[in-house]
Amino acid sequence: MAVGAIDLIVRCPVINIGAGPQSIMQTVLVINSKGGCGKTTIASNLASLFAASHLKTVLMDYDPQGSSLHWNNVREQSDCQPIHLIDAGHAKVGVTRTFQLSIPYGIERVVIDAPAGMCKKMLSEMVVKADVIVVPVAPSPIDIHASSEFIYELKLIINACHRDNIAMGIVANRVRHGKALYQPLQHFLDELRIPFVTTFSDSDHYVRAVELGMGIHEMSPQTVRLELSQWLPLVKWLAIRRAVTAQTSVVPLSSDVATSHCVSG
Ligand SMILES: Nc1ncnc2c1ncn2[C@@H]1O[C@H](COP(=O)(O)OP(=O)(O)OP(=O)(O)O)[C@@H](O)[C@H]1O
Ligand SMILES: [Mg+2]
């Protein structure tokens with residue numbers, strides 16, 4: 001299993017705050033109210049990439065369908081690096097919501113897999129946790145139209161939650177013939193100054209990876225060369241966002257502070 005050059009980007013830069021080098025937590029929310037656009041695929045691949053890079057990783061599954069939960073159950077039978085899964089899609093009896101969603105000490109990356117068509121309250125709960133938002137968009141006119149409306153709604157929620165510092169990026173997913181279909185969305189995104197981060201091809205390797213409880217970065221690099229190259233821009237963008245978050249943080253980012261930020265709501 002080789003993560004290679006991507007591993008270097010994922011793990012750097014380590015931020016030096018006060019007493020010595022410390023890592024800060026980054027929470028990535030993968031979200032779109034449109035069903036089937038690739039949220040779980042991207043969230044599970046991202047979590048496995050972090051884990052394979054030896055970062056302590058949480059995957060938070062907000063979807064009652066439990067697709068990420070199922071994927072991780074399969075993963076636990078493999079020799080892949082473990083991921084701590086939090087089932088946020090089902091209320092746990094006898095514990096508070098805050099306790100149910102609490103992040104274990106020392107976690108370095110959190111990936112949130114959002115469900116389709118969520119209510120405003122749940123949207124806000126996820127937005128307040130996030131440092132970065134990734135919105136996968138599938139290449140059909142219906143998906144693109146619905147996604148534009150959703151992105152607009154998400155912007156309003158981000159403003160209402162006073163999270164203006166959250167970065168949002170779009171990933172064109174399951175693309176077969178270039179990005180021409182996305183042109184109308186591109187204009188809309190330009191106005192909102194939201195970047196198109198990368199394009200993922202429609203590839204059976206993603207389907208195979210899910211069956212194995214793996215991510216694309218844990219498969220043989222020769223087989224998934226194209227997919228790996230398409231992940232690089234996203235990985236770099238997340239690393240840059242993480243560095244920006246660290247620079248603009250006004251409080252020492254010890255794990256305790258990071259944890260209390262994440263369990264709010
Ligand atoms: N880049 C891709 N190439 C090939 N198949 C893909 C790709 N991305 C996603 N898929 C497949 O598309 C289907 C839907 O993907 P996924 O479950 O990730 O979407 P979702 O947005 O999480 O759906 P839901 O809204 O139901 O939670 C799955 O069968 C998945 O394997
Ligand atoms: Mg899903």
# chains A, B, ... in the order shown; residues from 1 in each chain; ligands from 1
>>> closest_atom_pairs(of="chain A", to="ligand 1", cutoff="8 Å", atoms="only C-alpha atoms and all ligand atoms", output="tab-separated table")
residue	atom	partner	partner_atom_place_in_ligand_line	distance
A:Ile31	CA	ligand 1	21 (O)	7.8
A:Asn32	CA	ligand 1	21 (O)	7.1
A:Ser33	CA	ligand 1	25 (O)	7.2
A:Lys34	CA	ligand 1	25 (O)	6.1
A:Gly35	CA	ligand 1	25 (O)	3.1
A:Gly36	CA	ligand 1	23 (O)	3.3
A:Cys37	CA	ligand 1	21 (O)	4.0
A:Gly38	CA	ligand 1	18 (O)	3.3
A:Lys39	CA	ligand 1	22 (O)	3.8
A:Thr40	CA	ligand 1	22 (O)	3.7
A:Thr41	CA	ligand 1	18 (O)	3.7
A:Ile42	CA	ligand 1	18 (O)	6.5
A:Ala43	CA	ligand 1	18 (O)	7.9
A:Asp63	CA	ligand 1	27 (O)	6.7
A:Gln65	CA	ligand 1	27 (O)	7.5
A:Ser67	CA	ligand 1	17 (O)	7.1
A:Asp113	CA	ligand 1	22 (O)	7.4
A:Ala114	CA	ligand 1	27 (O)	7.1
A:Pro115	CA	ligand 1	27 (O)	5.0
A:Ala116	CA	ligand 1	25 (O)	4.3
A:Gly117	CA	ligand 1	25 (O)	7.8
A:Pro136	CA	ligand 1	21 (O)	7.6
A:Asn173	CA	ligand 1	1 (N)	5.3
A:Arg174	CA	ligand 1	1 (N)	4.1
A:Val175	CA	ligand 1	1 (N)	7.2
A:Phe200	CA	ligand 1	1 (N)	5.3
A:Ser201	CA	ligand 1	1 (N)	5.2
A:Asp202	CA	ligand 1	3 (N)	3.5
A:Ser203	CA	ligand 1	3 (N)	3.9
A:Asp204	CA	ligand 1	4 (C)	5.2
A:His205	CA	ligand 1	4 (C)	7.1
A:Tyr206	CA	ligand 1	4 (C)	5.4
A:Val207	CA	ligand 1	31 (O)	4.4
A:Val210	CA	ligand 1	31 (O)	6.9
>>> select_by_dssp(residues="range 55-241 of chain A", states="strand (DSSP E or B)", output="MDAnalysis selection string")
chainID A and resid 57:61 84:87 109:113 132:137 167:175 196:201
>>> write_last_selection(atoms="C-alpha atoms", output="mmCIF file, in the first residue's frame")
data_model
loop_
_atom_site.group_PDB
_atom_site.id
_atom_site.type_symbol
_atom_site.label_atom_id
_atom_site.label_comp_id
_atom_site.auth_asym_id
_atom_site.auth_seq_id
_atom_site.Cartn_x
_atom_site.Cartn_y
_atom_site.Cartn_z
ATOM 1 C CA THR A 57 -8.628 10.009 11.832
ATOM 2 C CA VAL A 58 -12.328 10.130 12.659
ATOM 3 C CA LEU A 59 -15.026 9.480 10.056
ATOM 4 C CA MET A 60 -18.354 10.875 11.213
ATOM 5 C CA ASP A 61 -21.317 9.317 9.414
ATOM 6 C CA HIS A 84 -12.439 5.782 14.357
ATOM 7 C CA LEU A 85 -16.036 5.851 13.150
ATOM 8 C CA ILE A 86 -18.714 7.946 14.845
ATOM 9 C CA ASP A 87 -22.302 7.091 13.975
ATOM 10 C CA ARG A 109 -8.355 14.754 11.037
ATOM 11 C CA VAL A 110 -12.149 14.532 11.065
ATOM 12 C CA VAL A 111 -14.125 13.788 7.923
ATOM 13 C CA ILE A 112 -17.892 14.253 8.001
ATOM 14 C CA ASP A 113 -20.051 12.304 5.559
ATOM 15 C CA VAL A 132 -13.327 23.128 5.208
ATOM 16 C CA ILE A 133 -16.324 22.147 3.085
ATOM 17 C CA VAL A 134 -16.079 19.928 0.018
ATOM 18 C CA VAL A 135 -19.136 19.813 -2.255
ATOM 19 C CA PRO A 136 -19.167 16.969 -4.795
ATOM 20 C CA VAL A 137 -21.243 17.707 -7.883
ATOM 21 C CA ALA A 167 -13.387 27.572 2.844
ATOM 22 C CA MET A 168 -15.695 25.838 0.389
ATOM 23 C CA GLY A 169 -14.466 23.952 -2.686
ATOM 24 C CA ILE A 170 -16.256 22.034 -5.423
ATOM 25 C CA VAL A 171 -15.283 18.627 -6.756
ATOM 26 C CA ALA A 172 -16.724 17.553 -10.102
ATOM 27 C CA ASN A 173 -17.364 13.848 -9.590
ATOM 28 C CA ARG A 174 -18.033 10.932 -11.967
ATOM 29 C CA VAL A 175 -16.980 12.959 -14.975
ATOM 30 C CA PHE A 196 -13.538 24.197 -8.557
ATOM 31 C CA VAL A 197 -10.819 22.180 -6.809
ATOM 32 C CA THR A 198 -10.580 19.070 -8.970
ATOM 33 C CA THR A 199 -12.349 16.587 -11.217
ATOM 34 C CA PHE A 200 -12.745 12.884 -10.460
ATOM 35 C CA SER A 201 -13.393 10.514 -13.362
#
>>> select_by_dssp(residues="range 20-159 of chain A", states="alpha helix (DSSP H)", output="PDB file with N, CA and C atoms, in the first residue's frame")
ATOM      1  N   LYS A  39     -20.755  11.813  -2.056  1.00  0.00           N
ATOM      2  CA  LYS A  39     -20.325  12.271  -0.715  1.00  0.00           C
ATOM      3  C   LYS A  39     -19.591  11.156   0.032  1.00  0.00           C
ATOM      4  N   THR A  40     -20.240   9.979   0.104  1.00  0.00           N
ATOM      5  CA  THR A  40     -19.648   8.880   0.872  1.00  0.00           C
ATOM      6  C   THR A  40     -18.347   8.407   0.222  1.00  0.00           C
ATOM      7  N   THR A  41     -18.337   8.364  -1.101  1.00  0.00           N
ATOM      8  CA  THR A  41     -17.130   7.920  -1.811  1.00  0.00           C
ATOM      9  C   THR A  41     -15.968   8.852  -1.486  1.00  0.00           C
ATOM     10  N   ILE A  42     -16.214  10.159  -1.549  1.00  0.00           N
ATOM     11  CA  ILE A  42     -15.131  11.115  -1.294  1.00  0.00           C
ATOM     12  C   ILE A  42     -14.762  11.132   0.193  1.00  0.00           C
ATOM     13  N   ALA A  43     -15.769  11.074   1.068  1.00  0.00           N
ATOM     14  CA  ALA A  43     -15.485  11.093   2.513  1.00  0.00           C
ATOM     15  C   ALA A  43     -14.669   9.862   2.928  1.00  0.00           C
ATOM     16  N   SER A  44     -15.054   8.687   2.442  1.00  0.00           N
ATOM     17  CA  SER A  44     -14.336   7.474   2.850  1.00  0.00           C
ATOM     18  C   SER A  44     -12.922   7.456   2.254  1.00  0.00           C
ATOM     19  N   ASN A  45     -12.782   7.943   1.019  1.00  0.00           N
ATOM     20  CA  ASN A  45     -11.447   7.999   0.409  1.00  0.00           C
ATOM     21  C   ASN A  45     -10.549   8.993   1.127  1.00  0.00           C
ATOM     22  N   LEU A  46     -11.139  10.100   1.540  1.00  0.00           N
ATOM     23  CA  LEU A  46     -10.366  11.116   2.263  1.00  0.00           C
ATOM     24  C   LEU A  46      -9.917  10.569   3.625  1.00  0.00           C
ATOM     25  N   ALA A  47     -10.855   9.939   4.329  1.00  0.00           N
ATOM     26  CA  ALA A  47     -10.521   9.384   5.650  1.00  0.00           C
ATOM     27  C   ALA A  47      -9.440   8.316   5.519  1.00  0.00           C
ATOM     28  N   SER A  48      -9.546   7.462   4.503  1.00  0.00           N
ATOM     29  CA  SER A  48      -8.541   6.405   4.349  1.00  0.00           C
ATOM     30  C   SER A  48      -7.196   6.985   3.947  1.00  0.00           C
ATOM     31  N   LEU A  49      -7.211   8.073   3.173  1.00  0.00           N
ATOM     32  CA  LEU A  49      -5.952   8.735   2.809  1.00  0.00           C
ATOM     33  C   LEU A  49      -5.256   9.279   4.058  1.00  0.00           C
ATOM     34  N   PHE A  50      -6.032   9.944   4.920  1.00  0.00           N
ATOM     35  CA  PHE A  50      -5.451  10.476   6.160  1.00  0.00           C
ATOM     36  C   PHE A  50      -4.910   9.328   7.021  1.00  0.00           C
ATOM     37  N   ALA A  51      -5.729   8.292   7.172  1.00  0.00           N
ATOM     38  CA  ALA A  51      -5.319   7.167   8.024  1.00  0.00           C
ATOM     39  C   ALA A  51      -4.073   6.490   7.463  1.00  0.00           C
ATOM     40  N   ALA A  52      -4.044   6.308   6.144  1.00  0.00           N
ATOM     41  CA  ALA A  52      -2.890   5.664   5.510  1.00  0.00           C
ATOM     42  C   ALA A  52      -1.636   6.532   5.661  1.00  0.00           C
ATOM     43  N   SER A  67     -23.760   4.251   5.182  1.00  0.00           N
ATOM     44  CA  SER A  67     -22.852   3.725   4.146  1.00  0.00           C
ATOM     45  C   SER A  67     -21.392   3.761   4.603  1.00  0.00           C
ATOM     46  N   SER A  68     -21.002   4.854   5.258  1.00  0.00           N
ATOM     47  CA  SER A  68     -19.614   4.942   5.737  1.00  0.00           C
ATOM     48  C   SER A  68     -19.377   3.925   6.859  1.00  0.00           C
ATOM     49  N   LEU A  69     -20.413   3.772   7.671  1.00  0.00           N
ATOM     50  CA  LEU A  69     -20.350   2.796   8.773  1.00  0.00           C
ATOM     51  C   LEU A  69     -20.097   1.398   8.213  1.00  0.00           C
ATOM     52  N   HIS A  70     -20.841   1.057   7.171  1.00  0.00           N
ATOM     53  CA  HIS A  70     -20.709  -0.260   6.538  1.00  0.00           C
ATOM     54  C   HIS A  70     -19.301  -0.407   5.939  1.00  0.00           C
ATOM     55  N   TRP A  71     -18.871   0.652   5.229  1.00  0.00           N
ATOM     56  CA  TRP A  71     -17.531   0.635   4.612  1.00  0.00           C
ATOM     57  C   TRP A  71     -16.467   0.393   5.684  1.00  0.00           C
ATOM     58  N   ASN A  72     -16.611   1.064   6.823  1.00  0.00           N
ATOM     59  CA  ASN A  72     -15.604   0.924   7.875  1.00  0.00           C
ATOM     60  C   ASN A  72     -15.655  -0.457   8.537  1.00  0.00           C
ATOM     61  N   ASN A  73     -16.857  -1.036   8.591  1.00  0.00           N
ATOM     62  CA  ASN A  73     -16.958  -2.399   9.122  1.00  0.00           C
ATOM     63  C   ASN A  73     -16.154  -3.370   8.263  1.00  0.00           C
ATOM     64  N   VAL A  74     -16.237  -3.187   6.949  1.00  0.00           N
ATOM     65  CA  VAL A  74     -15.445  -4.033   6.031  1.00  0.00           C
ATOM     66  C   VAL A  74     -13.955  -3.741   6.241  1.00  0.00           C
ATOM     67  N   ARG A  75     -13.635  -2.448   6.384  1.00  0.00           N
ATOM     68  CA  ARG A  75     -12.230  -2.030   6.553  1.00  0.00           C
ATOM     69  C   ARG A  75     -11.601  -2.683   7.795  1.00  0.00           C
ATOM     70  N   ARG A  97     -26.265  14.268  22.996  1.00  0.00           N
ATOM     71  CA  ARG A  97     -25.786  14.412  21.614  1.00  0.00           C
ATOM     72  C   ARG A  97     -24.297  14.825  21.624  1.00  0.00           C
ATOM     73  N   THR A  98     -23.966  15.737  22.520  1.00  0.00           N
ATOM     74  CA  THR A  98     -22.584  16.211  22.610  1.00  0.00           C
ATOM     75  C   THR A  98     -21.635  15.049  22.910  1.00  0.00           C
ATOM     76  N   PHE A  99     -22.047  14.187  23.851  1.00  0.00           N
ATOM     77  CA  PHE A  99     -21.196  13.049  24.207  1.00  0.00           C
ATOM     78  C   PHE A  99     -21.091  12.079  23.029  1.00  0.00           C
ATOM     79  N   GLN A 100     -22.226  11.856  22.387  1.00  0.00           N
ATOM     80  CA  GLN A 100     -22.246  10.915  21.257  1.00  0.00           C
ATOM     81  C   GLN A 100     -21.277  11.342  20.148  1.00  0.00           C
ATOM     82  N   LYS A 120     -32.332  22.178   8.188  1.00  0.00           N
ATOM     83  CA  LYS A 120     -31.443  23.311   8.503  1.00  0.00           C
ATOM     84  C   LYS A 120     -30.666  23.100   9.796  1.00  0.00           C
ATOM     85  N   LYS A 121     -31.354  22.495  10.784  1.00  0.00           N
ATOM     86  CA  LYS A 121     -30.718  22.315  12.093  1.00  0.00           C
ATOM     87  C   LYS A 121     -29.489  21.403  11.964  1.00  0.00           C
ATOM     88  N   MET A 122     -29.663  20.314  11.203  1.00  0.00           N
ATOM     89  CA  MET A 122     -28.550  19.390  11.052  1.00  0.00           C
ATOM     90  C   MET A 122     -27.426  20.023  10.223  1.00  0.00           C
ATOM     91  N   LEU A 123     -27.850  20.799   9.211  1.00  0.00           N
ATOM     92  CA  LEU A 123     -26.852  21.517   8.393  1.00  0.00           C
ATOM     93  C   LEU A 123     -25.982  22.410   9.276  1.00  0.00           C
ATOM     94  N   SER A 124     -26.663  23.162  10.150  1.00  0.00           N
ATOM     95  CA  SER A 124     -25.926  24.074  11.032  1.00  0.00           C
ATOM     96  C   SER A 124     -25.006  23.287  11.966  1.00  0.00           C
ATOM     97  N   GLU A 125     -25.493  22.159  12.473  1.00  0.00           N
ATOM     98  CA  GLU A 125     -24.685  21.347  13.398  1.00  0.00           C
ATOM     99  C   GLU A 125     -23.386  20.913  12.729  1.00  0.00           C
ATOM    100  N   MET A 126     -23.486  20.562  11.436  1.00  0.00           N
ATOM    101  CA  MET A 126     -22.282  20.124  10.728  1.00  0.00           C
ATOM    102  C   MET A 126     -21.384  21.307  10.367  1.00  0.00           C
ATOM    103  N   VAL A 127     -22.011  22.414   9.953  1.00  0.00           N
ATOM    104  CA  VAL A 127     -21.227  23.591   9.531  1.00  0.00           C
ATOM    105  C   VAL A 127     -20.374  24.138  10.678  1.00  0.00           C
ATOM    106  N   VAL A 128     -20.932  24.172  11.891  1.00  0.00           N
ATOM    107  CA  VAL A 128     -20.146  24.736  13.003  1.00  0.00           C
ATOM    108  C   VAL A 128     -18.928  23.879  13.340  1.00  0.00           C
ATOM    109  N   LYS A 129     -18.958  22.624  12.958  1.00  0.00           N
ATOM    110  CA  LYS A 129     -17.800  21.768  13.238  1.00  0.00           C
ATOM    111  C   LYS A 129     -16.699  21.930  12.192  1.00  0.00           C
ATOM    112  N   PRO A 141     -27.327  17.973 -15.753  1.00  0.00           N
ATOM    113  CA  PRO A 141     -27.944  19.293 -15.583  1.00  0.00           C
ATOM    114  C   PRO A 141     -28.788  19.364 -14.311  1.00  0.00           C
ATOM    115  N   ILE A 142     -29.479  18.282 -13.972  1.00  0.00           N
ATOM    116  CA  ILE A 142     -30.325  18.281 -12.769  1.00  0.00           C
ATOM    117  C   ILE A 142     -29.455  18.419 -11.513  1.00  0.00           C
ATOM    118  N   ASP A 143     -28.361  17.669 -11.484  1.00  0.00           N
ATOM    119  CA  ASP A 143     -27.450  17.736 -10.331  1.00  0.00           C
ATOM    120  C   ASP A 143     -26.838  19.131 -10.207  1.00  0.00           C
ATOM    121  N   ILE A 144     -26.455  19.684 -11.353  1.00  0.00           N
ATOM    122  CA  ILE A 144     -25.779  20.988 -11.330  1.00  0.00           C
ATOM    123  C   ILE A 144     -26.745  22.079 -10.868  1.00  0.00           C
ATOM    124  N   HIS A 145     -27.988  22.016 -11.340  1.00  0.00           N
ATOM    125  CA  HIS A 145     -28.984  23.006 -10.926  1.00  0.00           C
ATOM    126  C   HIS A 145     -29.252  22.895  -9.409  1.00  0.00           C
ATOM    127  N   ALA A 146     -29.504  21.650  -8.958  1.00  0.00           N
ATOM    128  CA  ALA A 146     -29.802  21.439  -7.526  1.00  0.00           C
ATOM    129  C   ALA A 146     -28.607  21.851  -6.662  1.00  0.00           C
ATOM    130  N   SER A 147     -27.402  21.577  -7.148  1.00  0.00           N
ATOM    131  CA  SER A 147     -26.203  21.896  -6.365  1.00  0.00           C
ATOM    132  C   SER A 147     -26.017  23.398  -6.238  1.00  0.00           C
ATOM    133  N   SER A 148     -26.325  24.145  -7.317  1.00  0.00           N
ATOM    134  CA  SER A 148     -26.198  25.613  -7.259  1.00  0.00           C
ATOM    135  C   SER A 148     -27.111  26.149  -6.158  1.00  0.00           C
ATOM    136  N   GLU A 149     -28.346  25.656  -6.125  1.00  0.00           N
ATOM    137  CA  GLU A 149     -29.287  26.119  -5.088  1.00  0.00           C
ATOM    138  C   GLU A 149     -28.774  25.753  -3.703  1.00  0.00           C
ATOM    139  N   PHE A 150     -28.240  24.537  -3.604  1.00  0.00           N
ATOM    140  CA  PHE A 150     -27.747  24.091  -2.297  1.00  0.00           C
ATOM    141  C   PHE A 150     -26.550  24.940  -1.830  1.00  0.00           C
ATOM    142  N   ILE A 151     -25.643  25.218  -2.753  1.00  0.00           N
ATOM    143  CA  ILE A 151     -24.451  26.008  -2.398  1.00  0.00           C
ATOM    144  C   ILE A 151     -24.878  27.395  -1.898  1.00  0.00           C
ATOM    145  N   TYR A 152     -25.888  27.954  -2.553  1.00  0.00           N
ATOM    146  CA  TYR A 152     -26.396  29.261  -2.134  1.00  0.00           C
ATOM    147  C   TYR A 152     -26.964  29.172  -0.699  1.00  0.00           C
ATOM    148  N   GLU A 153     -27.747  28.130  -0.454  1.00  0.00           N
ATOM    149  CA  GLU A 153     -28.341  27.924   0.882  1.00  0.00           C
ATOM    150  C   GLU A 153     -27.242  27.709   1.936  1.00  0.00           C
ATOM    151  N   LEU A 154     -26.227  26.948   1.533  1.00  0.00           N
ATOM    152  CA  LEU A 154     -25.111  26.659   2.446  1.00  0.00           C
ATOM    153  C   LEU A 154     -24.377  27.948   2.824  1.00  0.00           C
ATOM    154  N   LYS A 155     -24.194  28.814   1.836  1.00  0.00           N
ATOM    155  CA  LYS A 155     -23.548  30.116   2.084  1.00  0.00           C
ATOM    156  C   LYS A 155     -24.316  30.904   3.154  1.00  0.00           C
ATOM    157  N   LEU A 156     -25.654  30.884   3.047  1.00  0.00           N
ATOM    158  CA  LEU A 156     -26.484  31.609   4.019  1.00  0.00           C
ATOM    159  C   LEU A 156     -26.307  31.013   5.414  1.00  0.00           C
ATOM    160  N   ILE A 157     -26.245  29.693   5.483  1.00  0.00           N
ATOM    161  CA  ILE A 157     -26.082  29.032   6.788  1.00  0.00           C
ATOM    162  C   ILE A 157     -24.704  29.338   7.373  1.00  0.00           C
ATOM    163  N   ILE A 158     -23.692  29.342   6.522  1.00  0.00           N
ATOM    164  CA  ILE A 158     -22.330  29.676   6.983  1.00  0.00           C
ATOM    165  C   ILE A 158     -22.330  31.086   7.578  1.00  0.00           C
ATOM    166  N   ASN A 159     -22.986  32.010   6.907  1.00  0.00           N
ATOM    167  CA  ASN A 159     -23.060  33.393   7.415  1.00  0.00           C
ATOM    168  C   ASN A 159     -23.827  33.439   8.737  1.00  0.00           C
TER     169      ASN A 159
END
>>> closest_residue(among="A:Pro233, A:Pro221, A:Gly215, A:Gly66", to="Ser53 in chain A", atoms="only C-alpha atoms")
A:Gly215
>>> atom_distance(atom1="CA of Gln247 in chain A", atom2="CA of Leu228 in chain A")
28.6 Å
>>> decode(residues="range 79-163 of chain A", atoms="C-alpha atoms", output="mmCIF file, in the first residue's frame")
data_model
loop_
_atom_site.group_PDB
_atom_site.id
_atom_site.type_symbol
_atom_site.label_atom_id
_atom_site.label_comp_id
_atom_site.auth_asym_id
_atom_site.auth_seq_id
_atom_site.Cartn_x
_atom_site.Cartn_y
_atom_site.Cartn_z
ATOM 1 C CA ASP A 79 -4.968 -4.745 7.386
ATOM 2 C CA CYS A 80 -5.567 -1.065 6.502
ATOM 3 C CA GLN A 81 -4.837 1.655 9.075
ATOM 4 C CA PRO A 82 -7.812 1.968 11.456
ATOM 5 C CA ILE A 83 -10.300 4.826 11.365
ATOM 6 C CA HIS A 84 -12.439 5.782 14.357
ATOM 7 C CA LEU A 85 -16.036 5.851 13.150
ATOM 8 C CA ILE A 86 -18.714 7.946 14.845
ATOM 9 C CA ASP A 87 -22.302 7.091 13.975
ATOM 10 C CA ALA A 88 -23.996 10.500 14.043
ATOM 11 C CA GLY A 89 -26.991 9.360 11.986
ATOM 12 C CA HIS A 90 -28.723 7.516 14.826
ATOM 13 C CA ALA A 91 -29.505 9.042 18.209
ATOM 14 C CA LYS A 92 -27.923 6.972 20.974
ATOM 15 C CA VAL A 93 -30.177 6.224 23.905
ATOM 16 C CA GLY A 94 -28.871 7.272 27.304
ATOM 17 C CA VAL A 95 -26.182 9.708 26.181
ATOM 18 C CA THR A 96 -26.283 13.382 25.231
ATOM 19 C CA ARG A 97 -25.786 14.412 21.614
ATOM 20 C CA THR A 98 -22.584 16.211 22.610
ATOM 21 C CA PHE A 99 -21.196 13.049 24.207
ATOM 22 C CA GLN A 100 -22.246 10.915 21.257
ATOM 23 C CA LEU A 101 -20.351 13.169 18.846
ATOM 24 C CA SER A 102 -17.284 13.738 21.006
ATOM 25 C CA ILE A 103 -13.923 13.374 19.286
ATOM 26 C CA PRO A 104 -11.344 11.180 21.063
ATOM 27 C CA TYR A 105 -8.228 12.868 22.388
ATOM 28 C CA GLY A 106 -5.379 13.310 19.897
ATOM 29 C CA ILE A 107 -7.412 13.076 16.689
ATOM 30 C CA GLU A 108 -5.765 14.971 13.817
ATOM 31 C CA ARG A 109 -8.355 14.754 11.037
ATOM 32 C CA VAL A 110 -12.149 14.532 11.065
ATOM 33 C CA VAL A 111 -14.125 13.788 7.923
ATOM 34 C CA ILE A 112 -17.892 14.253 8.001
ATOM 35 C CA ASP A 113 -20.051 12.304 5.559
ATOM 36 C CA ALA A 114 -23.325 14.220 5.252
ATOM 37 C CA PRO A 115 -26.627 12.672 4.166
ATOM 38 C CA ALA A 116 -28.742 13.868 1.245
ATOM 39 C CA GLY A 117 -31.563 16.329 1.893
ATOM 40 C CA MET A 118 -30.918 17.369 5.488
ATOM 41 C CA CYS A 119 -32.830 19.880 7.599
ATOM 42 C CA LYS A 120 -31.443 23.311 8.503
ATOM 43 C CA LYS A 121 -30.718 22.315 12.093
ATOM 44 C CA MET A 122 -28.550 19.390 11.052
ATOM 45 C CA LEU A 123 -26.852 21.517 8.393
ATOM 46 C CA SER A 124 -25.926 24.074 11.032
ATOM 47 C CA GLU A 125 -24.685 21.347 13.398
ATOM 48 C CA MET A 126 -22.282 20.124 10.728
ATOM 49 C CA VAL A 127 -21.227 23.591 9.531
ATOM 50 C CA VAL A 128 -20.146 24.736 13.003
ATOM 51 C CA LYS A 129 -17.800 21.768 13.238
ATOM 52 C CA ALA A 130 -16.168 22.265 9.829
ATOM 53 C CA ASP A 131 -12.931 24.004 8.875
ATOM 54 C CA VAL A 132 -13.327 23.128 5.208
ATOM 55 C CA ILE A 133 -16.324 22.147 3.085
ATOM 56 C CA VAL A 134 -16.079 19.928 0.018
ATOM 57 C CA VAL A 135 -19.136 19.813 -2.255
ATOM 58 C CA PRO A 136 -19.167 16.969 -4.795
ATOM 59 C CA VAL A 137 -21.243 17.707 -7.883
ATOM 60 C CA ALA A 138 -22.228 15.067 -10.448
ATOM 61 C CA PRO A 139 -22.242 16.069 -14.118
ATOM 62 C CA SER A 140 -25.938 16.093 -14.988
ATOM 63 C CA PRO A 141 -27.944 19.293 -15.583
ATOM 64 C CA ILE A 142 -30.325 18.281 -12.769
ATOM 65 C CA ASP A 143 -27.450 17.736 -10.331
ATOM 66 C CA ILE A 144 -25.779 20.988 -11.330
ATOM 67 C CA HIS A 145 -28.984 23.006 -10.926
ATOM 68 C CA ALA A 146 -29.802 21.439 -7.526
ATOM 69 C CA SER A 147 -26.203 21.896 -6.365
ATOM 70 C CA SER A 148 -26.198 25.613 -7.259
ATOM 71 C CA GLU A 149 -29.287 26.119 -5.088
ATOM 72 C CA PHE A 150 -27.747 24.091 -2.297
ATOM 73 C CA ILE A 151 -24.451 26.008 -2.398
ATOM 74 C CA TYR A 152 -26.396 29.261 -2.134
ATOM 75 C CA GLU A 153 -28.341 27.924 0.882
ATOM 76 C CA LEU A 154 -25.111 26.659 2.446
ATOM 77 C CA LYS A 155 -23.548 30.116 2.084
ATOM 78 C CA LEU A 156 -26.484 31.609 4.019
ATOM 79 C CA ILE A 157 -26.082 29.032 6.788
ATOM 80 C CA ILE A 158 -22.330 29.676 6.983
ATOM 81 C CA ASN A 159 -23.060 33.393 7.415
ATOM 82 C CA ALA A 160 -25.775 32.707 10.000
ATOM 83 C CA CYS A 161 -23.314 30.521 11.968
ATOM 84 C CA HIS A 162 -20.686 33.319 11.771
ATOM 85 C CA ARG A 163 -18.261 30.910 10.113
#
